[in-house]
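**Student:** Please find target.tsv (TSV, C-alpha atoms) on the next line:
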```
chain	number	residue	atom	x	y	z
L	1	MET	CA	-56.98	41.71	202.35
L	2	ARG	CA	-55.40	41.69	198.90
L	3	LEU	CA	-58.06	41.62	196.22
L	4	PHE	CA	-55.72	41.15	193.30
L	5	ALA	CA	-52.52	39.12	193.29
L	6	ARG	CA	-49.50	40.83	191.85
L	7	SER	CA	-48.54	39.47	188.49
L	8	LYS	CA	-45.16	37.84	188.41
L	9	ARG	CA	-42.69	38.59	185.69
L	10	PRO	CA	-41.92	35.52	183.66
L	11	VAL	CA	-38.43	34.28	184.39
L	12	GLU	CA	-36.40	34.38	181.20
L	13	ARG	CA	-34.77	31.04	180.55
L	14	ARG	CA	-31.01	31.16	180.26
L	15	ALA	CA	-29.46	30.14	176.97
L	16	SER	CA	-28.21	26.56	176.99
L	17	THR	CA	-26.01	24.24	175.00
L	18	PRO	CA	-27.37	20.91	173.75
L	19	PRO	CA	-27.60	18.31	176.55
L	20	GLY	CA	-24.16	17.01	177.50
L	21	ALA	CA	-22.27	19.44	175.25
L	22	LEU	CA	-19.10	21.19	176.41
L	23	ILE	CA	-18.13	24.10	174.15
L	24	TYR	CA	-15.21	26.51	174.22
L	25	ALA	CA	-15.47	29.56	171.93
L	26	ILE	CA	-12.17	31.37	171.33
L	27	GLY	CA	-11.99	35.02	170.34
L	28	ASP	CA	-9.84	36.78	167.74
L	29	VAL	CA	-6.24	35.52	167.97
L	30	HIS	CA	-4.55	37.87	165.46
L	31	GLY	CA	-1.19	36.16	165.32
L	32	ARG	CA	-0.68	35.74	169.09
L	33	LEU	CA	0.44	32.13	169.04
L	34	ASP	CA	1.93	32.46	172.52
L	35	LEU	CA	-1.45	33.33	174.03
L	36	LEU	CA	-3.26	30.70	171.98
L	37	GLU	CA	-0.92	27.97	173.18
L	38	SER	CA	-1.52	28.97	176.82
L	39	LEU	CA	-5.27	29.17	176.39
L	40	THR	CA	-5.72	25.91	174.48
L	41	SER	CA	-3.53	24.10	177.01
L	42	ALA	CA	-5.83	25.34	179.78
L	43	ILE	CA	-8.89	24.38	177.74
L	44	LEU	CA	-7.67	20.84	177.12
L	45	ASP	CA	-6.83	20.42	180.82
L	46	ASP	CA	-10.27	21.75	181.79
L	47	ALA	CA	-12.00	19.44	179.32
L	48	ALA	CA	-10.11	16.43	180.66
L	49	ARG	CA	-11.22	17.27	184.21
L	50	SER	CA	-14.82	17.97	183.24
L	51	GLY	CA	-15.93	14.38	182.92
L	52	ALA	CA	-17.83	15.24	179.75
L	53	THR	CA	-19.16	12.13	178.05
L	54	GLY	CA	-19.11	13.53	174.52
L	55	LYS	CA	-16.28	15.19	172.62
L	56	PRO	CA	-15.59	18.73	173.79
L	57	GLU	CA	-15.92	21.30	171.01
L	58	ILE	CA	-13.64	24.26	170.33
L	59	ILE	CA	-15.11	27.00	168.13
L	60	PHE	CA	-12.83	29.74	166.81
L	61	VAL	CA	-14.71	32.89	165.80
L	62	GLY	CA	-12.12	33.91	163.19
L	63	ASP	CA	-9.30	36.41	162.67
L	64	TYR	CA	-6.34	34.09	163.18
L	65	VAL	CA	-4.04	36.28	161.08
L	66	ASP	CA	-2.71	39.87	160.86
L	67	ARG	CA	-1.44	42.37	163.44
L	68	GLY	CA	0.32	39.88	165.73
L	69	PRO	CA	3.71	38.30	164.95
L	70	ALA	CA	2.87	34.63	164.31
L	71	SER	CA	-0.06	34.26	161.90
L	72	ALA	CA	1.45	31.24	160.13
L	73	GLY	CA	2.07	29.56	163.47
L	74	VAL	CA	-1.50	30.21	164.61
L	75	ILE	CA	-2.88	28.49	161.51
L	76	ASP	CA	-0.57	25.52	162.11
L	77	HIS	CA	-1.77	25.33	165.72
L	78	VAL	CA	-5.47	25.41	164.83
L	79	MET	CA	-4.94	22.78	162.13
L	80	ALA	CA	-3.11	20.56	164.64
L	81	LEU	CA	-5.99	20.89	167.11
L	82	ALA	CA	-8.45	19.92	164.36
L	83	ARG	CA	-6.53	16.68	163.81
L	84	ARG	CA	-6.90	15.57	167.43
L	85	PRO	CA	-9.31	12.64	167.84
L	86	ASP	CA	-10.48	13.70	171.31
L	87	ILE	CA	-12.01	17.08	170.40
L	88	THR	CA	-14.11	18.63	167.64
L	89	VAL	CA	-12.88	21.91	166.17
L	90	HIS	CA	-14.94	24.44	164.21
L	91	ALA	CA	-12.91	27.23	162.60
L	92	LEU	CA	-14.97	30.22	161.48
L	93	LYS	CA	-13.96	32.75	158.85
L	94	GLY	CA	-13.10	36.30	159.84
L	95	ASN	CA	-12.79	39.42	157.74
L	96	HIS	CA	-8.98	39.23	158.01
L	97	GLU	CA	-8.96	35.77	156.45
L	98	GLU	CA	-11.15	37.11	153.66
L	99	THR	CA	-8.63	39.89	153.05
L	100	MET	CA	-5.68	37.48	153.06
L	101	LEU	CA	-7.42	35.26	150.51
L	102	ALA	CA	-8.19	38.31	148.38
L	103	PHE	CA	-4.49	39.19	148.23
L	104	LEU	CA	-3.58	35.67	147.14
L	105	ASP	CA	-5.84	36.31	144.13
L	106	ASP	CA	-5.25	39.99	143.42
L	107	PRO	CA	-2.17	42.18	144.08
L	108	ARG	CA	-4.32	45.30	143.95
L	109	THR	CA	-5.56	44.49	147.46
L	110	GLY	CA	-2.04	44.51	148.86
L	111	GLN	CA	-1.87	48.14	149.92
L	112	VAL	CA	-5.17	47.91	151.82
L	113	TRP	CA	-4.12	44.63	153.43
L	114	ALA	CA	-0.83	46.18	154.53
L	115	GLU	CA	-2.72	48.88	156.42
L	116	PHE	CA	-5.01	46.20	157.84
L	117	GLY	CA	-2.29	44.18	159.57
L	118	GLY	CA	-1.10	42.16	156.58
L	119	LEU	CA	2.54	43.22	156.91
L	120	GLN	CA	2.88	41.09	160.04
L	121	THR	CA	1.29	38.14	158.25
L	122	LEU	CA	3.71	38.44	155.33
L	123	ALA	CA	6.61	38.56	157.79
L	124	SER	CA	5.37	35.39	159.51
L	125	TYR	CA	5.81	33.60	156.17
L	126	ASP	CA	9.23	35.26	155.65
L	127	VAL	CA	7.93	37.40	152.78
L	128	ALA	CA	9.03	41.02	152.44
L	129	ALA	CA	6.47	43.73	151.63
L	130	PRO	CA	7.15	46.30	148.90
L	131	ALA	CA	9.22	49.30	149.95
L	132	VAL	CA	6.73	51.57	148.19
L	133	ARG	CA	3.20	50.69	149.22
L	134	SER	CA	1.62	52.16	146.08
L	135	ASP	CA	3.81	50.14	143.66
L	136	LEU	CA	1.40	47.64	142.07
L	137	GLU	CA	4.16	45.78	140.20
L	138	ALA	CA	6.04	45.32	143.46
L	139	TRP	CA	2.87	43.98	145.08
L	140	GLU	CA	2.59	41.40	142.32
L	141	VAL	CA	6.15	40.29	143.07
L	142	THR	CA	5.22	40.06	146.75
L	143	ARG	CA	2.06	38.13	145.94
L	144	GLN	CA	3.99	35.57	143.92
L	145	ALA	CA	6.49	35.18	146.77
L	146	PHE	CA	3.61	34.82	149.23
L	147	ILE	CA	1.95	32.12	147.10
L	148	ALA	CA	5.24	30.22	147.01
L	149	ALA	CA	5.76	30.57	150.77
L	150	THR	CA	2.23	29.66	151.89
L	151	PRO	CA	1.73	25.91	152.37
L	152	PRO	CA	-1.14	24.57	150.25
L	153	ALA	CA	-2.65	23.18	153.46
L	154	HIS	CA	-2.93	26.73	154.81
L	155	VAL	CA	-4.76	27.90	151.71
L	156	ALA	CA	-7.10	24.89	151.91
L	157	PHE	CA	-7.73	25.67	155.58
L	158	LEU	CA	-8.64	29.29	154.79
L	159	LYS	CA	-10.96	28.32	151.96
L	160	ALA	CA	-12.78	25.75	154.09
L	161	LEU	CA	-13.58	28.08	157.02
L	162	GLU	CA	-17.20	28.04	158.18
L	163	LEU	CA	-19.38	31.16	158.36
L	164	TYR	CA	-21.32	30.28	161.52
L	165	VAL	CA	-22.09	27.40	163.86
L	166	VAL	CA	-25.34	26.78	165.75
L	167	ALA	CA	-25.34	24.82	169.01
L	168	GLY	CA	-28.42	24.72	171.19
L	169	ASP	CA	-29.56	28.27	171.96
L	170	TYR	CA	-26.31	29.78	170.63
L	171	VAL	CA	-25.00	30.90	167.27
L	172	PHE	CA	-21.27	31.52	166.85
L	173	VAL	CA	-20.21	34.00	164.18
L	174	HIS	CA	-17.33	36.33	163.49
L	175	ALA	CA	-18.83	39.83	163.37
L	176	GLY	CA	-22.52	39.48	164.16
L	177	LEU	CA	-25.94	39.31	162.52
L	178	ARG	CA	-28.07	41.84	160.69
L	179	PRO	CA	-31.14	42.56	162.83
L	180	GLY	CA	-34.47	41.44	161.40
L	181	VAL	CA	-32.91	38.98	158.95
L	182	PRO	CA	-33.35	35.21	159.54
L	183	LEU	CA	-30.14	33.33	160.18
L	184	ALA	CA	-30.48	31.45	156.90
L	185	GLY	CA	-30.75	34.77	155.05
L	186	GLN	CA	-27.66	36.46	156.50
L	187	THR	CA	-25.05	37.51	153.92
L	188	GLU	CA	-21.37	36.64	154.16
L	189	GLN	CA	-20.58	40.37	154.06
L	190	ASP	CA	-22.58	40.96	157.23
L	191	LEU	CA	-21.36	37.82	159.01
L	192	LEU	CA	-17.75	38.96	158.51
L	193	TRP	CA	-17.98	42.75	158.71
L	194	ILE	CA	-21.14	44.06	160.39
L	195	ARG	CA	-20.67	46.21	163.46
L	196	ARG	CA	-22.89	49.19	164.37
L	197	GLU	CA	-26.28	47.79	163.30
L	198	PHE	CA	-25.62	44.54	165.16
L	199	LEU	CA	-24.14	46.10	168.30
L	200	GLU	CA	-26.96	48.64	168.63
L	201	ALA	CA	-29.77	46.10	168.19
L	202	THR	CA	-31.92	45.77	171.30
L	203	ARG	CA	-34.22	42.93	170.31
L	204	PRO	CA	-33.20	39.28	170.64
L	205	PHE	CA	-31.97	37.32	167.65
L	206	GLU	CA	-32.98	33.76	166.76
L	207	LYS	CA	-30.13	32.55	168.97
L	208	LYS	CA	-27.85	34.17	171.53
L	209	VAL	CA	-24.90	35.44	169.51
L	210	ILE	CA	-21.28	34.71	170.43
L	211	TYR	CA	-19.06	36.96	168.32
L	212	GLY	CA	-15.65	38.57	167.86
L	213	HIS	CA	-14.54	41.29	165.43
L	214	THR	CA	-15.07	44.30	167.72
L	215	PRO	CA	-12.19	44.49	170.22
L	216	GLN	CA	-12.86	45.58	173.80
L	217	ARG	CA	-10.71	45.59	176.92
L	218	ASP	CA	-12.90	42.85	178.37
L	219	ALA	CA	-15.58	40.50	177.16
L	220	VAL	CA	-18.94	42.17	176.55
L	221	VAL	CA	-21.72	40.19	178.23
L	222	GLU	CA	-25.23	41.30	177.23
L	223	PRO	CA	-28.63	39.59	177.32
L	224	HIS	CA	-28.67	38.66	173.64
L	225	ARG	CA	-24.96	38.51	172.73
L	226	ILE	CA	-21.48	38.00	174.18
L	227	GLY	CA	-18.42	39.56	172.54
L	228	ILE	CA	-15.15	37.72	173.09
L	229	ASP	CA	-12.65	39.81	171.08
L	230	THR	CA	-10.45	41.34	173.77
L	231	GLY	CA	-7.81	42.74	171.41
L	232	ALA	CA	-5.27	40.02	172.17
L	233	PHE	CA	-2.63	41.40	169.81
L	234	VAL	CA	-2.32	44.57	171.91
L	235	THR	CA	-3.82	43.74	175.35
L	236	GLY	CA	-2.26	40.31	175.82
L	237	VAL	CA	-5.70	39.02	176.85
L	238	LEU	CA	-7.07	36.19	174.70
L	239	THR	CA	-10.56	35.15	175.73
L	240	ALA	CA	-12.51	31.90	175.52
L	241	LEU	CA	-16.11	31.34	176.60
L	242	ARG	CA	-16.77	27.96	178.21
L	243	LEU	CA	-20.38	26.82	177.78
L	244	SER	CA	-21.98	23.78	179.39
L	245	GLY	CA	-25.73	23.58	179.80
L	246	GLU	CA	-26.82	26.97	181.20
L	247	ASP	CA	-23.38	27.68	182.69
L	248	ALA	CA	-21.09	30.22	181.03
L	249	THR	CA	-17.52	30.91	182.14
L	250	LEU	CA	-14.86	33.21	180.70
L	251	MET	CA	-11.34	31.83	180.41
L	252	GLN	CA	-8.72	34.53	179.80
L	253	THR	CA	-4.96	34.72	179.53
L	254	ALA	CA	-3.22	37.15	181.86
L	255	PRO	CA	-1.67	40.19	180.10
L	256	ASP	CA	1.80	39.09	181.23
L	257	GLY	CA	1.35	35.71	179.57
L	258	GLY	CA	0.83	33.97	182.90
L	259	ARG	CA	-1.94	31.70	184.09
L	260	VAL	CA	-5.42	31.51	182.62
L	261	SER	CA	-8.17	32.91	184.85
L	262	LEU	CA	-11.80	31.73	185.02
L	263	ARG	CA	-14.83	33.93	185.71
L	264	LYS	CA	-18.50	32.93	185.62
L	265	VAL	CA	-20.89	35.19	183.69
```
Translate the structure described by the file into structure tokens.

**Tutor:**
Amino acid sequence: MRLFARSKRPVERRASTPPGALIYAIGDVHGRLDLLESLTSAILDDAARSGATGKPEIIFVGDYVDRGPASAGVIDHVMALARRPDITVHALKGNHEETMLAFLDDPRTGQVWAEFGGLQTLASYDVAAPAVRSDLEAWEVTRQAFIAATPPAHVAFLKALELYVVAGDYVFVHAGLRPGVPLAGQTEQDLLWIRREFLEATRPFEKKVIYGHTPQRDAVVEPHRIGIDTGAFVTGVLTALRLSGEDATLMQTAPDGGRVSLRKV
């Protein structure tokens, strides 16, 4: 005869989107227009088959530019998606967009940006970088050429990028959150750049965090956060996270540029 019943562990409720919402979060693109085109085509096909009653949402977690070959084309593609009447697009700001904007204002940031992947971005706008990286006057010449080559719509797009988006039990952000700080009190510096303090945090945040910024060979699925930066510019794997209710599914391009695979998490 059992005198005392065993206590049951409370079942932790899975994070959920708002009722009826269908959300696709896309990781760091870094100039890989080819992968982005494949992934967004698969996303739009999936959304059309889903039977969702509301508008599907696509949330980019930032870092459209640098490192890959087609930064300008990636921005054009995201802007074109945002003009579609059948979907809602949220484009978040990444630390690479912050660095690109800084160079448009100040040639002294050019050398750092070059080492950060900016050379590929300049090339995507048909702008040559200085032959001598430490030549500040040459960087000013490059900056003026870059200003002339960058469509005003691209600059407006970069300046209008959001810092985070909240949907249901999720928050979408580029780099992460500082532990112990309310969402409303997070600084832009942390939202765009934080790494170690966020990744090592063991306690839950206000919302489950969907983030990019820290590249890994595969998506990082943890109880309180999911990382979707899979280093597309070098791995060939661009990742999206499909969220609907309590269901979460990874959508990823194949390294050879082939079909997009789906995997529940």

**Student:** Please identify all polymer residues lying at most 9 Å from the point (-14.8, 29.6, 176.5) (file coordinates), using all atoms listed in the file, and present the result as a VMD selection string.

**Tutor:** chain L and resid 23 to 27 43 58 to 59 228 239 to 243 248 to 252

**Student:** Contacts between segment 29-39 of chain L and segment 103-139 of chain L, please, where a residue of segment 103-139 of chain L counts if it comes within 12 Å (with only C-alpha atoms); show its shortest atom pair and distance in Å to one decimal, rows by chain and ascending number, as JSON lines.

**Tutor:**
```
{"residue": "L:Phe116", "atom": "CA", "partner": "L:His30", "partner_atom": "CA", "distance": 11.3}
{"residue": "L:Gly117", "atom": "CA", "partner": "L:His30", "partner_atom": "CA", "distance": 8.9}
{"residue": "L:Gly118", "atom": "CA", "partner": "L:His30", "partner_atom": "CA", "distance": 10.4}
{"residue": "L:Leu119", "atom": "CA", "partner": "L:Gly31", "partner_atom": "CA", "distance": 11.6}
{"residue": "L:Gln120", "atom": "CA", "partner": "L:Gly31", "partner_atom": "CA", "distance": 8.3}
{"residue": "L:Thr121", "atom": "CA", "partner": "L:Gly31", "partner_atom": "CA", "distance": 7.7}
{"residue": "L:Leu122", "atom": "CA", "partner": "L:Gly31", "partner_atom": "CA", "distance": 11.4}
{"residue": "L:Ala123", "atom": "CA", "partner": "L:Gly31", "partner_atom": "CA", "distance": 11.1}
{"residue": "L:Ser124", "atom": "CA", "partner": "L:Gly31", "partner_atom": "CA", "distance": 8.8}
{"residue": "L:Tyr125", "atom": "CA", "partner": "L:Gly31", "partner_atom": "CA", "distance": 11.8}
```

**Student:** Would you mind exporting C-alpha atoms of the selected residues as a compact mmCIF listing (two decimals), in the frame of the given file?

**Tutor:**
```
# COMPACT_ATOMS: atom_id res chain seq x y z
CA PHE L 116 -5.01 46.20 157.84
CA GLY L 117 -2.29 44.18 159.57
CA GLY L 118 -1.10 42.16 156.58
CA LEU L 119 2.54 43.22 156.91
CA GLN L 120 2.88 41.09 160.04
CA THR L 121 1.29 38.14 158.25
CA LEU L 122 3.71 38.44 155.33
CA ALA L 123 6.61 38.56 157.79
CA SER L 124 5.37 35.39 159.51
CA TYR L 125 5.81 33.60 156.17
```

**Student:** Neighbours of Leu163 of chain L within 9 Å (only C-alpha atoms; same-chain residues fewer than 2 positions away dropped), as a VMD selection string?

**Tutor:** chain L and resid 61 91 to 94 161 165 172 to 174 188 191 to 192

**Student:** One number please: atom CA of Trp139 of chain L to atom CA of Pro152 of chain L, in Å, one decimal.

**Tutor:**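 Rounded to one decimal, the two atoms are 20.5 Å apart.
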
**Student:** Counting only C-alpha atoms, which residue out of L:Glu246, L:Asp256, L:Glu57, L:Glu197 sits closest to Ala232 of chain L?

**Tutor:**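 Residue with the minimum atom-to-atom distance to Ala232 of chain L: L:Asp256.
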
**Student:** Mind giving me the straight-line distance from atom CA of Ala145 of chain L to atom CA of Asp126 of chain L in Å, one decimal?

**Tutor:** 9.3 Å

**Student:** Have a look at atom CA of Lys159 of chain L and atom CA of Leu183 of chain L and let me know their distance in Å, one decimal.

**Tutor:**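 Straight-line distance from atom CA of Lys159 of chain L to atom CA of Leu183 of chain L works out to 21.5 Å.
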
**Student:** Using only C-alpha atoms, which of the listed residues (L:Gly185, L:Pro151, L:Gly245, L:Gly62) sits closest to Asp76 of chain L?

**Tutor:**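 Closest residue, counting only C-alpha atoms: L:Pro151.
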
**Student:** Out of L:Pro179, L:Gly54, L:Gly227, L:Pro130, which residue has the shortest atom-to-atom distance to Pro204 of chain L when counting only C-alpha atoms?

**Tutor:**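 Of L:Pro179, L:Gly54, L:Gly227, L:Pro130, the one nearest Pro204 of chain L, counting only C-alpha atoms, is L:Pro179.
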
**Student:** Near Pro215 of chain L, counting only C-alpha atoms, which residues have an atom at most 8 Å away, once you skip same-chain residues fewer than 5 positions from it, shown as a list in words?

**Tutor:**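 Neighbouring residues, sequence-local ones excluded: Ile228, Asp229, Thr230 and Gly231 of chain L.
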
**Student:** Those residues you just picked out, can you put them in a file as a PDB file, in the frame of the given file with C-alpha atoms?

**Tutor:**
```pdb
ATOM      1  CA  ILE L 228     -15.150  37.720 173.090  1.00  0.00           C
ATOM      2  CA  ASP L 229     -12.650  39.810 171.080  1.00  0.00           C
ATOM      3  CA  THR L 230     -10.450  41.340 173.770  1.00  0.00           C
ATOM      4  CA  GLY L 231      -7.810  42.740 171.410  1.00  0.00           C
TER       5      GLY L 231
END
```
